[in-house]
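For reference, data.txt (compact mmCIF, C-alpha atoms):
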# COMPACT_ATOMS: atom_id res chain seq x y z
CA MET U 7 146.03 84.39 82.31
CA GLY U 8 146.26 84.97 86.07
CA THR U 9 149.43 86.00 87.89
CA GLU U 10 149.66 82.68 89.73
CA GLN U 11 149.65 80.68 86.48
CA GLU U 12 152.22 83.05 84.94
CA ASP U 13 154.50 82.45 87.92
CA GLN U 14 154.12 78.69 87.52
CA LEU U 15 155.04 78.95 83.85
CA LYS U 16 158.15 80.98 84.66
CA ILE U 17 159.18 78.35 87.19
CA ALA U 18 158.57 75.59 84.65
CA ASN U 19 160.58 77.31 81.93
CA SER U 20 163.52 77.90 84.26
CA ALA U 21 164.40 74.20 83.91
CA THR U 22 166.29 73.76 80.63
CA SER U 23 165.44 70.07 80.52
CA GLN U 24 161.71 70.70 80.80
CA ARG U 25 159.26 69.44 78.18
CA ILE U 26 155.76 70.55 77.38
CA THR U 27 153.31 67.69 76.99
CA ILE U 28 150.86 67.87 74.07
CA ARG U 29 148.03 65.36 74.19
CA VAL U 30 146.35 64.76 70.83
CA GLY U 31 143.09 62.90 71.27
CA ARG U 32 140.71 61.79 68.55
CA GLY U 33 138.76 64.99 69.02
CA THR U 34 140.56 66.75 71.85
CA LEU U 35 143.76 68.70 72.35
CA SER U 36 145.51 69.81 75.53
CA PHE U 37 148.83 71.16 76.76
CA SER U 38 150.49 70.50 80.12
CA MET U 39 153.73 71.34 81.85
CA PRO U 40 155.00 70.89 85.43
CA GLY U 41 156.67 73.62 87.43
CA ASN U 42 159.53 73.18 89.87
CA ASP U 43 157.00 73.53 92.70
CA GLY U 44 155.56 70.14 91.72
CA ASN U 45 152.30 71.53 90.37
CA VAL U 46 151.16 70.95 86.79
CA VAL U 47 149.69 73.63 84.54
CA PHE U 48 146.97 72.05 82.36
CA GLU U 49 145.41 73.87 79.43
CA PRO U 50 142.70 72.15 77.36
CA TYR U 51 142.18 73.61 73.91
CA VAL U 52 138.73 73.99 72.35
CA VAL U 53 139.01 72.07 69.08
CA LYS U 54 137.22 73.62 66.12
CA SER U 55 135.16 71.20 64.07
CA GLY U 56 135.47 71.26 60.31
CA ILE U 57 139.24 71.73 60.24
CA SER U 58 142.03 69.23 60.77
CA MET U 59 143.81 68.64 64.06
CA ALA U 60 146.97 70.02 62.45
CA ALA U 61 145.13 73.26 61.65
CA ASN U 62 143.79 73.39 65.20
CA LEU U 63 147.28 72.99 66.62
CA ARG U 64 148.65 75.63 64.26
CA GLU U 65 146.02 78.03 65.55
CA ALA U 66 146.77 77.05 69.15
CA PHE U 67 150.38 78.16 68.70
CA ARG U 68 149.03 81.68 68.11
CA THR U 69 146.58 81.75 71.00
CA SER U 70 147.61 79.33 73.75
CA ASP U 71 149.30 80.91 76.77
CA LEU U 72 151.16 77.70 77.52
CA LEU U 73 152.41 77.14 73.97
CA LEU U 74 153.54 80.75 73.64
CA GLN U 75 155.88 80.23 76.61
CA ALA U 76 156.78 76.60 75.94
CA PRO U 77 160.36 75.31 75.88
CA ARG U 78 161.80 73.87 72.68
CA ARG U 79 161.29 70.30 73.84
CA ALA U 80 157.98 68.45 73.62
CA ARG U 81 156.44 65.13 74.55
CA VAL U 82 153.45 64.27 72.37
CA LEU U 83 150.81 61.74 73.40
CA VAL U 84 148.86 60.45 70.40
CA ASP U 85 145.53 58.64 70.59
CA SER U 86 145.40 56.42 67.51
CA ASP U 87 145.04 52.76 66.60
CA VAL U 88 147.81 50.70 68.21
CA LEU U 89 149.21 47.36 67.11
CA MET U 90 151.03 45.34 69.77
CA VAL U 91 154.01 43.26 68.59
CA PRO U 92 156.05 40.84 70.76
CA ILE U 93 159.47 42.41 71.21
CA GLU U 94 161.29 39.32 69.92
CA LEU U 95 159.37 39.51 66.60
CA PHE U 96 159.59 43.25 66.02
CA GLU U 97 161.47 44.58 62.99
CA VAL U 98 161.48 48.30 62.22
CA GLY U 99 161.38 47.62 58.49
CA ASP U 100 158.16 45.61 58.82
CA MET U 101 156.15 47.88 61.11
CA ASP U 102 154.40 49.87 58.36
CA GLN U 103 153.23 46.70 56.64
CA TRP U 104 152.07 45.14 59.93
CA HIS U 105 150.11 48.23 60.94
CA HIS U 106 148.46 48.50 57.52
CA HIS U 107 147.44 44.84 57.70
CA ALA U 108 145.72 45.48 61.04
CA TYR U 109 144.17 48.88 60.27
CA PRO U 110 143.08 50.69 57.07
CA ARG U 111 145.95 52.42 55.33
CA LYS U 112 145.80 56.23 55.47
CA GLU U 113 148.23 57.94 53.13
CA GLN U 114 148.28 61.05 55.34
CA ASP U 115 149.58 59.03 58.33
CA ALA U 116 153.11 57.99 59.30
CA ILE U 117 153.84 54.98 61.51
CA TYR U 118 155.85 55.15 64.75
CA TYR U 119 156.65 52.80 67.60
CA ASN U 120 157.40 52.67 71.34
CA VAL U 121 159.42 49.86 72.89
CA LEU U 122 157.97 48.58 76.19
CA PRO U 123 160.80 46.46 77.60
CA ASP U 124 159.02 45.84 80.90
CA LEU U 125 156.15 44.24 78.95
CA ASN U 126 158.28 42.54 76.28
CA ALA U 127 156.26 44.32 73.61
CA VAL U 128 156.40 47.12 71.05
CA SER U 129 153.43 49.39 70.38
CA VAL U 130 153.09 50.48 66.74
CA PHE U 131 150.84 53.48 66.13
CA SER U 132 150.04 56.15 63.56
CA MET U 133 150.20 59.93 63.50
CA ASN U 134 149.05 62.42 60.89
CA LYS U 135 151.99 63.72 58.83
CA ASP U 136 150.70 67.31 58.73
CA LEU U 137 150.29 67.29 62.49
CA ARG U 138 153.88 66.08 62.91
CA LEU U 139 155.11 68.87 60.61
CA VAL U 140 153.39 71.51 62.76
CA ILE U 141 155.03 70.06 65.87
CA ASP U 142 158.47 69.83 64.24
CA ASP U 143 158.19 73.47 63.11
CA HIS U 144 157.99 74.59 66.75
CA PHE U 145 160.16 72.13 68.69
CA GLN U 146 163.76 71.00 68.38
CA ASP U 147 163.33 67.79 70.38
CA VAL U 148 160.12 65.74 70.12
CA ARG U 149 159.25 62.45 71.81
CA LEU U 150 156.18 60.57 70.61
CA LEU U 151 154.17 58.27 72.84
CA SER U 152 150.95 56.33 72.38
CA VAL U 153 148.42 57.82 74.80
CA ILE U 154 147.65 54.48 76.45
CA THR U 155 151.29 53.62 77.26
CA PRO U 156 151.49 55.23 80.74
CA VAL U 157 148.28 53.41 81.75
CA TRP U 158 149.58 50.05 80.53
CA ARG U 159 152.80 50.40 82.49
CA HIS U 160 151.20 51.62 85.70
CA LEU U 161 148.47 49.00 85.78
CA HIS U 162 151.00 46.31 84.94
CA GLN U 163 152.73 47.17 88.23
CA ARG U 164 149.38 47.14 90.02
CA SER U 165 148.66 43.69 88.65
CA TYR U 166 151.31 42.24 90.95
CA THR U 167 149.35 43.16 94.09
CA GLY U 168 147.56 40.08 95.40
CA THR U 169 147.43 36.65 93.84
CA ARG U 170 144.29 36.90 91.70
CA HIS U 171 144.26 37.43 87.94
CA LYS U 172 143.14 40.93 86.92
CA LEU U 173 141.40 42.36 83.87
CA TYR U 174 141.55 46.12 83.27
CA GLY U 175 139.32 48.47 81.32
CA TYR U 176 140.32 52.07 80.55
CA PHE U 177 137.66 54.42 79.15
CA HIS U 178 138.61 57.53 77.19
CA GLU U 179 136.94 59.51 74.42
CA GLN U 180 134.18 56.94 73.84
CA ARG U 181 136.67 54.08 73.56
CA LEU U 182 137.44 51.17 75.87
CA GLU U 183 140.91 49.68 76.17
CA VAL U 184 140.76 46.17 77.66
CA PHE U 185 143.94 44.41 78.74
CA SER U 186 145.35 41.80 81.08
CA TYR U 187 148.83 40.62 81.97
CA GLN U 188 150.59 37.36 82.60
CA GLN U 189 153.84 38.09 84.41
CA ASN U 190 155.84 40.43 82.12
CA ARG U 191 153.67 40.10 79.04
CA PHE U 192 150.24 41.04 77.78
CA LYS U 193 147.80 38.18 78.06
CA PHE U 194 145.16 40.22 76.22
CA CYS U 195 145.08 43.71 74.71
CA ASN U 196 142.39 45.21 72.49
CA SER U 197 140.38 48.38 71.94
CA PHE U 198 136.64 48.77 71.40
CA GLY U 199 134.26 51.57 70.57
CA ALA U 200 132.21 52.03 73.73
CA LYS U 201 130.07 55.14 73.58
CA GLU U 202 127.25 53.32 75.38
CA ALA U 203 127.52 51.58 78.73
CA HIS U 204 125.65 48.55 77.39
CA ASP U 205 128.37 48.05 74.77
CA ALA U 206 131.08 48.35 77.42
CA LEU U 207 129.32 45.75 79.58
CA TYR U 208 129.20 43.32 76.67
CA PHE U 209 132.87 43.76 75.73
CA LEU U 210 134.14 43.44 79.31
CA LEU U 211 132.16 40.28 80.00
CA TYR U 212 133.04 38.82 76.59
CA VAL U 213 136.77 39.25 77.21
CA TRP U 214 136.38 37.93 80.76
CA LYS U 215 134.81 34.76 79.38
CA GLN U 216 137.36 34.50 76.57
CA LEU U 217 140.21 34.58 79.11
CA GLN U 218 138.39 32.00 81.27
CA LEU U 219 138.67 34.17 84.37
CA GLN U 220 136.86 33.02 87.49
CA PRO U 221 133.93 35.21 88.65
CA GLN U 222 134.37 34.16 92.28
CA TYR U 223 138.10 34.89 92.58
CA ASP U 224 139.54 37.05 89.79
CA GLU U 225 139.23 40.83 89.57
CA LEU U 226 138.00 43.44 87.10
CA HIS U 227 139.18 47.05 87.47
CA ILE U 228 137.82 49.91 85.36
CA VAL U 229 138.96 53.53 85.24
CA GLY U 230 138.64 56.72 83.20
CA ASP U 231 135.65 58.48 81.68
CA ILE U 232 133.22 55.62 82.37
CA PRO U 233 129.76 55.94 80.76
CA GLU U 234 126.88 55.52 83.23
CA GLN U 235 129.41 54.55 85.85
CA GLN U 236 127.08 53.48 88.65
CA TRP U 237 124.85 51.47 86.31
CA LEU U 238 127.81 49.75 84.69
CA ILE U 239 129.51 48.70 87.93
CA ALA U 240 126.17 47.47 89.33
CA GLU U 241 125.62 45.32 86.22
CA LEU U 242 129.16 43.96 86.31
CA ARG U 243 128.71 42.93 89.93
CA LYS U 244 125.73 40.80 88.96
CA TYR U 245 128.20 38.49 87.21
CA LEU U 246 131.54 39.16 88.94
CA GLN U 247 132.11 39.24 92.65
CA LYS U 248 135.20 41.44 92.43
CA ALA U 249 134.51 44.35 90.06
CA TYR U 250 136.00 47.70 91.09
CA ILE U 251 136.33 51.31 89.93
CA ILE U 252 139.83 52.74 90.29
CA ASN U 253 139.74 56.11 92.05
CA PRO U 254 142.68 58.23 90.77
CA VAL U 255 142.77 60.28 94.00
CA ALA U 256 143.44 57.16 96.05
CA ASP U 257 145.45 55.47 93.29
CA PHE U 258 147.92 58.38 93.19
CA ASN U 259 147.84 59.24 96.88
CA ARG U 260 146.06 62.58 96.39
CA ALA U 261 148.60 63.90 93.90
CA GLN U 262 147.97 67.44 92.69
CA VAL U 263 147.08 66.32 89.15
CA THR U 264 144.06 64.38 90.44
CA GLU U 265 142.52 67.72 91.43
CA ILE U 266 142.76 69.14 87.90
CA LYS U 267 139.35 69.15 86.27
CA ASN U 268 139.00 67.13 83.05
CA MET U 269 142.59 65.91 82.99
CA PRO U 270 142.51 62.38 81.49
CA TYR U 271 143.71 59.48 83.61
CA ASP U 272 146.49 58.67 81.12
CA LEU U 273 147.89 62.19 81.52
CA GLN U 274 147.61 62.00 85.31
CA THR U 275 149.45 58.69 85.19
CA LEU U 276 152.19 60.15 83.03
CA PHE U 277 152.89 62.99 85.44
CA VAL U 278 152.70 60.86 88.58
CA LYS U 279 154.39 57.68 87.40
CA GLY U 280 156.39 58.83 84.38
CA ARG U 281 156.46 57.11 81.02
Can I see the file as structure tokens?
Amino acid sequence: MGTEQEDQLKIANSATSQRITIRVGRGTLSFSMPGNDGNVVFEPYVVKSGISMAANLREAFRTSDLLLQAPRRARVLVDSDVLMVPIELFEVGDMDQWHHHAYPRKEQDAIYYNVLPDLNAVSVFSMNKDLRLVIDDHFQDVRLLSVITPVWRHLHQRSYTGTRHKLYGYFHEQRLEVFSYQQNRFKFCNSFGAKEAHDALYFLLYVWKQLQLQPQYDELHIVGDIPEQQWLIAELRKYLQKAYIINPVADFNRAQVTEIKNMPYDLQTLFVKGR
């Protein structure tokens, strides 16, 4: 590791309240931590196929420069199936049953939740138990967060700009999160497998029609790791007059994290906008 990165890590660790951020994707793993100079150190980890994510993380604790110097506090972003529950209906004792009704039960998973008071909702999501044990073995204070949460909250604030209704699509790891808001609530929220651009086009237009949005006035905004980006936006504009690609550099006013290669938009959002 270069001297400059070592200096950044020393600066970051000088803050006792600092947390390292571990992002656990469906097939990816990365570690990030900000320094007092405002810059973020980002370290993607090459995941080994054929072994579990817990085993990969256990190995990373022996080899990762960032993890070897990490504080004892961690924030973990988990990419897993999420069930949205209206906040007025949520009961902690029922969340396991609700999640298992919506998604196949996996005995090796535990169920967690995040309260989103600004959206009057609770996100209920799963995490592998062995993975959690590895994390708890190395950190005294752990906060869990669904990976999509920072994006939901940021784009909810963006939805207030202008008077037109907006539909959002966030692409990450061959999945498409589609959501829309009505004041301080979700109007629609769902996730689709979208490895191919043709599938993404179908899902976006299907949801648009389902919500009865107007192609002449309302807006569609897409962001993230978009498959065949130019083709997809050109096809969308055949049906919708106001289809746009969100540029993180402009969205976050040229923040330093937007210059970090391969950092996901949800992680950029977390560092720029907070949880």
- Using all atoms listed in the file, pick whichever of U:His178, U:Lys215, U:Lys172, U:Lys248 has the shortest atom-to-atom distance to Ala200 of chain U. U:His178
- Residues at most 9 Å from Tyr118 of chain U, counting all atoms listed in the file, excluding those fewer than 5 positions away in the same chain, as a ChimeraX atom specification? /U:101-102,129-133,150-151
- Query: Excluding same-chain residues fewer than 3 positions from Ala206 of chain U, what lies within 12 Å of it counting all atoms listed in the file, as a ChimeraX atom specification?
  - Reply: /U:175-178,180-184,197-203,209-213,228,231-235,237-239,241-242
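Taking only C-alpha atoms, the non-local environment of segment 87-99 of chain U within 9 Å (same-chain residues fewer than 6 positions away omitted) comprises His105, Ala108, Tyr109, Tyr119, Val121, Leu122, Pro123, Leu125, Asn126, Ala127, Val128, Ser129, Val130, Phe131, Ser132, Ser152, Arg191, Cys195, Asn196 and Ser197 of chain U.
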Write a file of the just-selected residues containing C-alpha atoms, as an mmCIF file, in the frame of the given file.
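The result, written out as again-v3.cif:
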data_model
loop_
_atom_site.group_PDB
_atom_site.id
_atom_site.type_symbol
_atom_site.label_atom_id
_atom_site.label_comp_id
_atom_site.auth_asym_id
_atom_site.auth_seq_id
_atom_site.Cartn_x
_atom_site.Cartn_y
_atom_site.Cartn_z
ATOM 1 C CA HIS U 105 150.110 48.230 60.940
ATOM 2 C CA ALA U 108 145.720 45.480 61.040
ATOM 3 C CA TYR U 109 144.170 48.880 60.270
ATOM 4 C CA TYR U 119 156.650 52.800 67.600
ATOM 5 C CA VAL U 121 159.420 49.860 72.890
ATOM 6 C CA LEU U 122 157.970 48.580 76.190
ATOM 7 C CA PRO U 123 160.800 46.460 77.600
ATOM 8 C CA LEU U 125 156.150 44.240 78.950
ATOM 9 C CA ASN U 126 158.280 42.540 76.280
ATOM 10 C CA ALA U 127 156.260 44.320 73.610
ATOM 11 C CA VAL U 128 156.400 47.120 71.050
ATOM 12 C CA SER U 129 153.430 49.390 70.380
ATOM 13 C CA VAL U 130 153.090 50.480 66.740
ATOM 14 C CA PHE U 131 150.840 53.480 66.130
ATOM 15 C CA SER U 132 150.040 56.150 63.560
ATOM 16 C CA SER U 152 150.950 56.330 72.380
ATOM 17 C CA ARG U 191 153.670 40.100 79.040
ATOM 18 C CA CYS U 195 145.080 43.710 74.710
ATOM 19 C CA ASN U 196 142.390 45.210 72.490
ATOM 20 C CA SER U 197 140.380 48.380 71.940
#
- Message: Which residues are close to Glu265 of chain U, i.e. within 8 Å by all atoms listed in the file, leaving aside same-chain residues fewer than 4 positions away? Reply as a PyMOL selection string.
- Response: chain U and resi 255+260-261
- Residues within 12 Å of Asp142 of chain U, only C-alpha atoms, excluding chain neighbours under 5 positions, as a list in words: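 Surrounding residues, per the criterion: Ala60, Leu63, Arg64, Arg78, Arg79, Ala80, Arg81, Val82, Lys135, Asp136, Leu137, Asp147, Val148, Arg149 and Leu150 of chain U.
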- Item | Of the listed residues U:His227, U:His144, U:Arg32, U:His171, that which approaches Tyr187 of chain U most closely, counting only C-alpha atoms | U:His171
- Task: Calculate how many Å separate atom CA of Pro221 of chain U from atom CA of Tyr245 of chain U, rounding to one decimal.
- Result: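 If I compute the distance from atom CA of Pro221 of chain U to atom CA of Tyr245 of chain U, I get 6.8 Å.
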- Query: So how many Å separate atom CA of Val153 of chain U and atom CA of Val84 of chain U, to one decimal?
  - Reply: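 Computed distance, atom CA of Val153 of chain U to atom CA of Val84 of chain U, equals 5.1 Å.
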- Task: Take atom CA of Thr275 of chain U and atom CA of Gln146 of chain U and report the distance between them in Å, one decimal.
- Result: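 Atom CA of Thr275 of chain U sits 25.3 Å away from atom CA of Gln146 of chain U.
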- Message: For a quick check of understanding, using only C-alpha atoms, which of U:Glu225, U:Ser186, U:Arg243, U:Thr264 has the smallest distance to Thr169 of chain U?
- Response: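 With only C-alpha atoms as the atom set, the closest residue is U:Glu225.
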- When distances are computed from all atoms listed in the file, which of U:Leu219, U:Val47, U:Val278, U:Ile251 shows the smallest separation from Thr27 of chain U? U:Val47
- Would you please work out which residue, of U:Met39, U:Val46, U:Val140, U:Val30, is nearest to Phe67 of chain U when using only C-alpha atoms?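 Ranking U:Met39, U:Val46, U:Val140, U:Val30 by distance to Phe67 of chain U, first place goes to U:Val140.
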- With all atoms listed in the file as the atoms that count, which of U:Ile154, U:Leu246, U:Leu173, U:Leu72 lies nearest to Leu273 of chain U?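 Closest residue, counting all atoms listed in the file: U:Ile154.
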